[in-house]
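**Student:** My structure file entry_2.cif, mmCIF, C-alpha atoms, is below:
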data_coords
loop_
_atom_site.label_atom_id
_atom_site.label_comp_id
_atom_site.auth_asym_id
_atom_site.auth_seq_id
_atom_site.Cartn_x
_atom_site.Cartn_y
_atom_site.Cartn_z
CA MET H 1 -30.70 85.47 41.30
CA LEU H 2 -33.82 86.53 39.42
CA GLN H 3 -33.29 90.06 40.66
CA GLU H 4 -29.97 90.00 38.80
CA LEU H 5 -31.63 88.66 35.65
CA HIS H 6 -34.20 91.46 35.70
CA ARG H 7 -31.56 94.08 36.49
CA GLN H 8 -29.55 93.07 33.45
CA TRP H 9 -32.67 92.88 31.31
CA PHE H 10 -33.66 96.43 32.23
CA ALA H 11 -30.13 97.65 31.59
CA ASN H 12 -30.25 96.03 28.15
CA ARG H 13 -33.77 97.08 27.20
CA GLY H 14 -34.02 100.48 28.81
CA ALA H 15 -37.41 102.08 28.24
CA ALA H 16 -37.92 100.43 24.85
CA ASN H 17 -41.02 98.36 24.16
CA ALA H 18 -40.84 94.70 23.26
CA ASN H 19 -41.99 95.40 19.68
CA GLU H 20 -38.76 97.33 19.09
CA TYR H 21 -36.78 94.08 19.24
CA ASP H 22 -36.57 91.15 16.86
CA ARG H 23 -35.19 88.68 19.37
CA PRO H 24 -35.87 88.06 23.07
CA PHE H 25 -33.35 88.89 25.75
CA SER H 26 -31.28 85.89 26.91
CA ARG H 27 -28.24 85.11 29.04
CA LYS H 28 -26.03 82.08 29.52
CA TRP H 29 -26.84 80.58 32.92
CA GLU H 30 -23.25 80.22 34.10
CA GLU H 31 -22.44 83.82 33.16
CA LEU H 32 -25.52 85.01 34.98
CA LEU H 33 -24.57 83.09 38.14
CA GLN H 34 -21.07 84.57 38.05
CA ASP H 35 -22.34 88.12 37.49
CA ALA H 36 -24.70 87.69 40.43
CA GLY H 37 -21.85 86.44 42.63
CA LEU H 38 -23.55 83.11 43.29
CA ASN H 39 -20.71 80.68 43.77
CA SER H 40 -21.62 78.34 46.62
CA ALA H 41 -23.54 75.12 46.09
CA GLU H 42 -26.45 76.36 48.19
CA GLU H 43 -26.71 79.66 46.30
CA ARG H 44 -26.64 77.86 42.95
CA ARG H 45 -29.27 75.41 44.10
CA GLU H 46 -31.61 78.21 45.16
CA ALA H 47 -30.97 80.04 41.89
CA ASP H 48 -31.87 76.89 39.95
CA ARG H 49 -35.12 76.50 41.85
CA ASP H 50 -35.98 80.21 41.44
CA ALA H 51 -35.45 80.01 37.69
CA ARG H 52 -37.63 76.92 37.38
CA THR H 53 -40.36 78.60 39.42
CA LEU H 54 -40.44 81.61 37.10
CA ALA H 55 -40.35 79.30 34.07
CA GLU H 56 -43.36 77.37 35.37
CA ALA H 57 -45.14 80.71 35.83
CA GLY H 58 -44.51 81.41 32.15
CA ASN H 59 -42.31 84.49 32.67
CA ILE H 60 -39.06 83.05 31.37
CA VAL H 61 -37.97 80.12 29.22
CA ILE H 62 -35.23 77.71 30.27
CA LYS H 63 -32.96 76.24 27.62
CA ALA H 64 -31.47 72.96 28.83
CA SER H 65 -28.15 71.41 27.91
CA ARG H 66 -28.46 68.84 25.12
CA GLN H 67 -26.21 66.42 26.93
CA ARG H 68 -27.76 66.93 30.38
CA ARG H 69 -31.42 67.82 30.17
CA GLN H 70 -31.65 68.65 33.87
CA VAL H 71 -28.94 71.34 33.60
CA ILE H 72 -29.87 74.93 32.73
CA GLU H 73 -27.76 76.30 29.87
CA ARG H 74 -29.53 79.58 29.09
CA VAL H 75 -32.50 81.62 30.32
CA VAL H 76 -34.66 83.63 27.94
CA ILE H 77 -37.24 86.35 28.54
CA PRO H 78 -39.80 86.02 25.70
CA LEU H 79 -40.90 89.22 24.02
CA GLU H 80 -44.51 88.63 24.98
CA THR H 81 -43.73 88.56 28.71
CA GLU H 82 -41.70 91.79 28.79
CA PRO H 83 -44.68 94.07 29.52
CA GLU H 84 -45.69 91.93 32.48
CA LEU H 85 -42.16 91.90 33.84
CA ARG H 86 -42.00 95.68 33.63
CA ALA H 87 -45.06 95.79 35.87
CA LEU H 88 -43.72 93.18 38.28
CA PHE H 89 -40.12 94.44 38.59
CA PRO H 90 -40.13 98.18 37.87
CA GLU H 91 -37.57 98.87 40.63
CA PHE H 92 -34.75 98.11 38.18
CA GLU H 93 -35.90 100.62 35.59
CA ALA H 94 -34.07 103.85 36.26
CA SER H 95 -36.78 105.99 34.72
CA SER H 96 -39.64 104.36 36.62
CA LYS H 97 -41.50 106.49 39.11
CA CYS H 98 -44.53 105.60 41.11
CA SER H 99 -47.05 108.30 42.01
CA PHE H 100 -49.23 105.95 44.06
CA ALA H 101 -50.41 107.60 47.31
CA TRP H 102 -49.20 104.98 49.80
CA GLU H 103 -50.44 106.83 52.88
CA THR H 104 -54.04 107.00 51.67
CA VAL H 105 -54.56 103.25 52.09
CA ALA H 106 -55.41 101.65 55.44
CA TRP H 107 -52.89 98.83 55.19
CA GLU H 108 -53.62 95.65 57.08
CA LEU H 109 -51.01 94.37 59.54
CA GLU H 110 -49.49 91.91 57.04
CA LEU H 111 -48.82 94.78 54.62
CA SER H 112 -47.95 97.46 57.17
CA PHE H 113 -44.40 97.60 55.78
CA VAL H 114 -45.62 98.86 52.40
CA PRO H 115 -45.66 102.68 53.05
CA GLU H 116 -42.07 102.58 54.30
CA VAL H 117 -40.66 100.14 51.76
CA ARG H 118 -42.77 101.36 48.83
CA PRO H 119 -42.18 98.24 46.75
CA LEU H 120 -42.47 99.03 43.07
CA VAL H 121 -45.20 96.50 42.47
CA SER H 122 -48.51 97.16 40.80
CA PRO H 123 -50.74 99.13 43.22
CA ALA H 124 -53.67 97.03 42.04
CA ASP H 125 -51.88 93.86 43.18
CA LEU H 126 -51.12 95.41 46.57
CA GLN H 127 -54.70 96.51 47.07
CA SER H 128 -56.03 93.09 46.08
CA MET H 129 -53.91 91.46 48.76
CA ASN H 130 -54.83 94.13 51.31
CA GLU H 131 -58.51 93.48 50.61
CA PHE H 132 -57.89 89.76 51.10
CA PHE H 133 -56.61 90.38 54.62
CA ARG H 134 -59.27 92.98 55.40
CA THR H 135 -62.09 90.61 54.52
CA GLY H 136 -61.00 87.66 56.65
CA GLY H 137 -58.23 86.13 54.57
CA ARG H 138 -56.34 85.14 57.71
CA GLU H 139 -59.02 82.56 58.45
CA ARG H 140 -59.13 81.05 54.97
CA PRO H 141 -58.01 77.45 54.55
CA MET H 142 -54.66 76.59 52.97
CA VAL H 143 -54.97 76.15 49.21
CA PRO H 144 -52.56 75.66 46.27
CA ILE H 145 -50.74 78.83 45.25
CA LYS H 146 -52.32 78.95 41.79
CA GLU H 147 -55.84 78.84 43.25
CA ARG H 148 -55.11 81.72 45.61
CA SER H 149 -53.41 83.64 42.81
CA PHE H 150 -56.47 83.39 40.61
CA GLN H 151 -58.72 84.46 43.50
CA LEU H 152 -56.54 87.49 44.19
CA PHE H 153 -55.60 88.65 40.71
CA GLY H 154 -57.65 86.72 38.17
CA ASP H 155 -54.33 85.23 37.00
CA GLU H 156 -53.19 81.85 38.30
CA LYS H 157 -49.51 82.63 37.55
CA ARG H 158 -49.21 86.11 39.03
CA LEU H 159 -48.42 85.07 42.60
CA ASP H 160 -45.60 82.81 41.41
CA ALA H 161 -43.98 85.82 39.79
CA LEU H 162 -44.66 88.19 42.70
CA ARG H 163 -42.82 85.83 45.03
CA GLU H 164 -39.60 87.08 43.42
CA SER H 165 -40.38 90.73 44.17
CA ALA H 166 -39.45 92.86 47.19
CA LEU H 167 -42.82 92.00 48.74
CA PHE H 168 -41.61 88.57 49.77
CA GLN H 169 -38.26 89.46 51.24
CA SER H 170 -37.55 88.06 54.69
CA GLY H 171 -39.79 89.47 57.39
CA ARG H 172 -42.44 90.72 54.97
CA LEU H 173 -45.15 88.84 53.12
CA SER H 174 -45.21 85.04 52.87
CA LEU H 175 -47.29 82.35 51.22
CA GLU H 176 -48.33 81.14 54.65
CA LEU H 177 -49.82 84.56 55.42
CA LEU H 178 -51.71 84.39 52.14
CA ARG H 179 -52.94 80.93 53.19
CA CYS H 180 -51.49 79.08 50.22
CA GLU H 181 -48.66 76.72 49.39
CA ILE H 182 -46.68 75.41 46.44
CA VAL H 183 -48.05 72.07 45.33
CA GLY H 184 -45.63 69.83 43.45
CA GLU H 185 -46.72 67.39 40.79
CA PRO H 186 -47.73 63.89 41.98
CA PHE H 187 -45.41 61.01 41.18
CA GLY H 188 -45.82 58.45 38.46
CA TRP H 189 -45.20 54.99 39.88
CA LYS H 190 -45.63 51.33 39.09
CA ARG H 191 -46.59 48.75 41.68
CA GLY H 192 -44.34 45.70 41.83
CA PRO H 193 -45.57 42.11 41.41
CA GLN H 194 -45.29 41.59 45.16
CA ASP H 195 -44.84 43.61 48.34
CA THR H 196 -41.17 43.26 49.26
CA GLY H 197 -40.95 46.01 51.88
CA VAL H 198 -38.70 48.13 49.65
CA THR H 199 -39.79 51.06 47.46
CA LEU H 200 -37.34 52.43 44.90
CA VAL H 201 -37.36 56.03 43.61
CA ILE H 202 -35.59 56.73 40.29
CA GLU H 203 -34.54 60.25 39.28
CA ASN H 204 -34.92 60.15 35.49
CA ALA H 205 -37.61 58.78 33.17
CA ALA H 206 -35.57 56.41 31.00
CA THR H 207 -33.99 54.68 33.99
CA TRP H 208 -37.36 54.50 35.73
CA HIS H 209 -38.76 52.67 32.70
CA SER H 210 -35.88 50.17 32.68
CA TYR H 211 -36.03 49.52 36.43
CA SER H 212 -39.82 49.09 36.28
CA ARG H 213 -39.42 46.61 33.45
CA TRP H 214 -36.69 44.77 35.39
CA ASN H 215 -38.83 44.69 38.53
CA GLU H 216 -41.67 42.98 36.67
CA GLU H 217 -39.32 40.05 36.11
CA ARG H 218 -37.18 40.13 39.26
CA ARG H 219 -39.89 41.07 41.82
CA LEU H 220 -37.50 43.10 43.97
CA PHE H 221 -39.50 46.22 44.85
CA SER H 222 -42.98 46.92 46.14
CA ALA H 223 -43.07 49.94 43.82
CA VAL H 224 -40.79 51.83 41.45
CA VAL H 225 -41.43 55.60 41.64
CA TYR H 226 -40.50 58.21 39.04
CA GLY H 227 -38.94 61.06 41.04
CA CYS H 228 -38.86 63.43 38.04
CA GLY H 229 -35.54 65.08 38.85
CA ASN H 230 -35.76 68.16 41.05
CA ARG H 231 -39.49 67.68 41.57
CA PHE H 232 -38.97 64.78 43.96
CA ALA H 233 -37.97 67.17 46.74
CA ASP H 234 -40.91 69.50 46.00
CA SER H 235 -43.43 66.64 45.88
CA THR H 236 -42.22 64.50 48.79
CA ARG H 237 -45.66 64.65 50.39
CA TYR H 238 -47.05 62.41 47.65
CA LEU H 239 -44.74 59.62 48.76
CA ARG H 240 -47.11 59.14 51.70
CA ASP H 241 -49.95 58.26 49.32
CA ILE H 242 -47.84 55.62 47.59
CA LEU H 243 -46.67 54.07 50.84
CA ALA H 244 -50.27 53.94 52.07
CA GLU H 245 -51.15 51.75 49.08
CA LEU H 246 -48.63 49.12 50.17
CA THR H 247 -49.41 46.58 52.86
CA THR H 248 -46.14 46.52 54.82
CA PRO H 249 -43.75 49.16 56.19
CA GLN H 250 -41.33 50.22 53.49
CA ARG H 251 -37.73 51.24 53.19
CA VAL H 252 -37.44 53.98 50.58
CA LEU H 253 -34.35 53.72 48.36
CA TYR H 254 -33.23 56.29 45.79
CA PHE H 255 -31.07 56.11 42.68
CA GLY H 256 -30.13 59.14 40.59
CA ASP H 257 -27.26 60.85 38.81
CA LEU H 258 -23.94 61.03 40.60
CA ASP H 259 -23.42 64.77 40.61
CA PRO H 260 -23.93 67.42 43.32
CA GLN H 261 -27.53 68.23 42.37
CA GLY H 262 -28.32 64.54 41.94
CA LEU H 263 -27.47 64.02 45.61
CA ARG H 264 -29.08 67.20 46.93
CA ILE H 265 -32.47 66.02 45.67
CA PRO H 266 -32.80 62.87 47.84
CA ILE H 267 -31.12 64.51 50.83
CA GLU H 268 -33.70 67.31 50.84
CA ALA H 269 -36.52 64.84 50.21
CA SER H 270 -35.33 62.65 53.08
CA ALA H 271 -35.39 65.56 55.52
CA LYS H 272 -38.93 66.44 54.43
CA ALA H 273 -40.05 62.80 54.66
CA LEU H 274 -38.79 62.52 58.23
CA ARG H 275 -40.62 65.71 59.22
CA MET H 276 -43.81 64.19 57.82
CA GLY H 277 -43.39 60.96 59.76
CA MET H 278 -42.28 58.89 56.77
CA PRO H 279 -39.16 56.72 56.52
CA PRO H 280 -35.93 58.41 55.39
CA VAL H 281 -34.84 58.28 51.77
CA GLU H 282 -31.78 56.04 51.59
CA PRO H 283 -29.30 55.55 48.75
CA ASP H 284 -29.71 52.42 46.66
CA LEU H 285 -26.10 51.42 47.24
CA TRP H 286 -26.30 48.48 44.84
CA SER H 287 -27.22 50.74 41.93
CA TYR H 288 -24.72 53.46 42.83
CA GLN H 289 -21.94 50.92 43.27
CA HIS H 290 -22.58 49.46 39.82
CA LEU H 291 -22.87 52.94 38.31
CA LEU H 292 -19.39 53.74 39.60
CA ARG H 293 -18.05 50.52 38.08
CA LEU H 294 -19.79 51.03 34.74
CA GLY H 295 -18.73 54.67 34.61
CA GLN H 296 -15.00 54.17 34.90
CA GLY H 297 -13.53 56.12 32.00
CA ARG H 298 -16.99 57.34 30.91
CA GLU H 299 -17.37 60.31 33.22
CA THR H 300 -18.58 63.61 31.75
CA LYS H 301 -18.02 67.20 32.83
CA SER H 302 -20.46 68.44 35.45
CA GLY H 303 -20.17 72.13 34.53
CA SER H 304 -18.54 73.13 37.82
CA VAL H 305 -16.06 71.84 40.38
CA GLU H 306 -17.85 71.31 43.66
CA SER H 307 -16.46 69.44 46.64
CA MET H 308 -18.71 66.87 48.23
CA SER H 309 -20.72 68.30 51.11
CA GLU H 310 -20.83 66.70 54.54
CA ASP H 311 -24.51 65.90 54.01
CA ALA H 312 -23.76 64.13 50.73
CA ALA H 313 -20.91 62.14 52.28
CA ALA H 314 -23.08 61.07 55.20
CA TRP H 315 -25.94 60.09 52.89
CA LEU H 316 -23.73 57.97 50.60
CA GLY H 317 -22.10 56.28 53.58
CA PRO H 318 -19.61 53.60 52.44
CA LEU H 319 -19.56 54.91 48.86
CA ALA H 320 -18.67 58.50 49.74
CA GLU H 321 -14.92 58.10 49.30
CA ASN H 322 -15.43 56.48 45.90
CA VAL H 323 -17.57 59.39 44.72
CA ARG H 324 -15.49 62.23 46.20
CA PRO H 325 -12.79 62.21 43.45
CA LEU H 326 -15.56 62.46 40.84
CA PHE H 327 -16.84 65.71 42.34
CA ASP H 328 -13.38 67.13 43.00
CA GLY H 329 -12.54 66.61 39.33
CA GLY H 330 -15.68 68.40 38.13
CA LYS H 331 -17.07 65.16 36.68
CA ARG H 332 -20.38 63.33 36.90
CA LEU H 333 -22.00 60.01 36.04
CA ALA H 334 -25.46 59.81 34.49
CA GLN H 335 -27.64 57.07 35.94
CA GLU H 336 -28.58 55.99 32.41
CA LEU H 337 -25.31 54.07 32.31
CA ALA H 338 -27.02 51.48 34.50
CA GLY H 339 -29.77 50.83 31.94
CA TRP H 340 -31.75 47.90 30.64
CA GLU H 341 -28.88 46.06 29.01
CA PHE H 342 -27.03 46.10 32.32
CA LEU H 343 -30.08 45.20 34.43
CA ARG H 344 -31.20 42.24 32.34
CA SER H 345 -27.90 40.48 33.05
CA HIS H 346 -28.55 40.57 36.81
CA ASP H 347 -31.08 38.16 38.27
CA ASN H 348 -30.81 39.43 41.82
CA ARG H 349 -29.08 41.97 44.04
CA GLU H 350 -26.70 41.78 46.90
CA SER H 351 -27.86 43.22 50.20
CA ASN H 352 -28.29 47.04 50.18
CA SER H 353 -26.34 47.73 53.35
#
Here is the file; what I need is its structure written in the form of structure tokens.
**Tutor:**
Amino acid sequence: MLQELHRQWFANRGAANANEYDRPFSRKWEELLQDAGLNSAEERREADRDARTLAEAGNIVIKASRQRRQVIERVVIPLETEPELRALFPEFEASSKCSFAWETVAWELELSFVPEVRPLVSPADLQSMNEFFRTGGRERPMVPIKERSFQLFGDEKRLDALRESALFQSGRLSLELLRCEIVGEPFGWKRGPQDTGVTLVIENAATWHSYSRWNEERRLFSAVVYGCGNRFADSTRYLRDILAELTTPQRVLYFGDLDPQGLRIPIEASAKALRMGMPPVEPDLWSYQHLLRLGQGRETKSGSVESMSEDAAAWLGPLAENVRPLFDGGKRLAQELAGWEFLRSHDNRESNS
């Protein structure tokens, strides 16, 4: 996906410098996905995560939809980052030539593919990583990616950007080889008035605030956790810390938007939680059921028509058939429909079964 973005950027900019332009290069997200031939749900999901990774590294800017803040509407390459991108992705610039003497370097095993592949990445970056392996990097402890990036390049964001280059294609370099990992942001959460054996994760901030406020009065959950949209799947490990603060075993329930991405988040998080020995992430059927009722006639366009996946249907269980027509019609329901005014009229909940 990002390869396509850079390819189009180079085609648009050519050999010109950033100071020759008044405005930054930008593309509509949907057009970019179509041009790149990314049509399946999985491909679009990976493209979304790639774009957010590069945005966090400071190389691009994401413009969100006004109506749906979690949806990418446009991606922009700021003028000030163009020189860095030329260094990171020169393979798309037709006029670029590299005179680096690949054969003169004694490449370590992890970079032995370099002379054959000749990735058009800064030679200084390649040599920094080669020196890391030569001087015992294989035995270094695992650290956050930004720490390793600063150690290698003196730039905490460089490794995030390099991950999108040819260096990290399948079978080549990996973060594990560089002894580092992506560390998601920890969760904000509010402990409930009593330990009920049920922890609730909420996708978006406004709904988290309303459910936390409701829980103070109704005493239904041991904790209400702010999942922060897509970051819940990236930061699943931090759920362990929250559960450790509670005195009894917990069921973990989740409530988010009813759209394809809104369901992919907890499904991915659940798989990660199980691998880490934590309980699965289950749907908060009570909340989803009321969202469907409240949303009748208030659905909004989701931006694409996407049939419900088998994983999503299995995760939703008894509600799957009620949600399927929503997806087939290219519609969605925002969880904010089930807000404070709705919650305050409910003193308790039926069983979440």
**Student:** Give me, please, the distance in Å between CA of Pro280 (chain H) and CA of Arg251 (chain H), quoted to one decimal.
**Tutor:** 7.7 Å
**Student:** Between CA of Arg240 (chain H) and CA of Met278 (chain H), what is the distance, to one decimal in Å?
**Tutor:**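 If I compute the distance from CA of Arg240 (chain H) to CA of Met278 (chain H), I get 7.0 Å.
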**Student:** Of the candidates H:Gly277, H:Pro193, H:Gly256, H:Pro186, which one gets nearest to Ile242 (chain H) if we count only C-alpha atoms?
**Tutor:**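 Among the listed residues, the smallest separation from Ile242 (chain H) belongs to H:Pro186.
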**Student:** Considering only C-alpha atoms, state which residue in the set H:Pro24, H:Glu216, H:Asn230, H:Glu321 is at the smallest distance from Asp48 (chain H).
**Tutor:** H:Asn230
**Student:** Starting from the shown file, work through the PyMOL selection byres ((chain H and resi 322-331) around 7) and note down what comes out as a list in words.
**Tutor:**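 Answer for the PyMOL selection byres ((chain H and resi 322-331) around 7): Asp259, Glu299, Thr300, Lys301, Ser302, Gly303, Ser304, Val305, Glu306, Ser307, Met308, Leu319, Ala320, Glu321 and Arg332 of chain H.
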**Student:** Would you please work out which residue, of H:Phe132, H:Trp189, H:Phe113, H:Phe232, is nearest to Ala166 (chain H) when using only C-alpha atoms?
**Tutor:**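 The shortest atom-to-atom distance to Ala166 (chain H) comes from H:Phe113.
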**Student:** Which one of H:Phe221, H:Phe133, H:Trp214, H:Phe168 sits closest to Val117 (chain H) if you count only C-alpha atoms?
**Tutor:** H:Phe168
**Student:** When you look at Val114 (chain H) with a cut-off of 8 Å (counting only C-alpha atoms), what residues show up, excluding the ones that are within fewer than 5 positions of it in the same chain? I need them as JSON, numbers by chain.
**Tutor:** {"H": [102, 107, 119]}
**Student:** Just to confirm, what's the straight-line distance from CA of Gly192 (chain H) to CA of Val224 (chain H) in Å (one decimal)?
**Tutor:**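 Separating CA of Gly192 (chain H) from CA of Val224 (chain H) is a distance of 7.1 Å.
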**Student:** Find the residues around Leu239 (chain H) up to 9 Å (all atoms listed in the file counted), leave out those fewer than 3 positions away in its own chain, and share them as a list in words.
**Tutor:**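 Once the nearby chain positions are removed, what remains is Pro186, Phe187, Val225, Ser235, Thr236, Ile242, Leu243, Ala244, Ala273 and Met278 of chain H.
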**Student:** Between H:Ala206, H:Ile265, H:Ala334, H:Val201, which has the minimum distance to Leu253 (chain H) (counting only C-alpha atoms)?
**Tutor:**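 Looking only at the distances to Leu253 (chain H), the closest residue turns out to be H:Val201.
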**Student:** Lys272 (chain H): which residues within 10 Å, counting all atoms listed in the file, same-chain residues fewer than 2 positions away excluded, as a PyMOL selection string?
**Tutor:** chain H and resi 233-237+266-270+274-281
**Student:** What lies within 8 Å of Lys146 (chain H) using all atoms listed in the file, ignoring chain neighbours under 5 positions off, as a count of residues only?
**Tutor:** 4
**Student:** Determine the axis-aligned bounding box of all atoms of region 23-35 of chain H present in the file, pad each side by 3 Å, and express its centre and edge lengths in Å to one decimal place as AutoDock Vina command-line options.
**Tutor:**
--center_x -28.5 --center_y 84.6 --center_z 28.8 --size_x 20.8 --size_y 14.7 --size_z 24.8
**Student:** Run through the PyMOL selection byres ((chain H and resi 208) around 12) on the given coordinates and return the selected residues as an MDAnalysis selection string.
**Tutor:** chainID H and resid 187:190 200:207 209:215 223:229 254:256 335:336 338:340 343
**Student:** Evaluate the PyMOL selection byres ((chain H and resi 147) around 12) against this structure - the residues, as an MDAnalysis selection string, please.
**Tutor:** chainID H and resid 141:146 148:160 178:183
**Student:** Of the residues H:Arg140, H:Gly58, H:Val105, H:Ala313, which is the one nearest to Pro123 (chain H), using only C-alpha atoms?
**Tutor:** H:Val105
**Student:** What's the 12 Å shell around Ala106 (chain H), counting all atoms listed in the file, without same-chain residues fewer than 2 positions away, as a list in words?
**Tutor:**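 Residues meeting the cut-off are Ala101, Trp102, Glu103, Thr104, Glu108, Leu109, Glu110, Leu111, Ser112, Phe113, Val114, Pro115, Leu126, Gln127, Asn130, Glu131, Phe133 and Arg134 of chain H.
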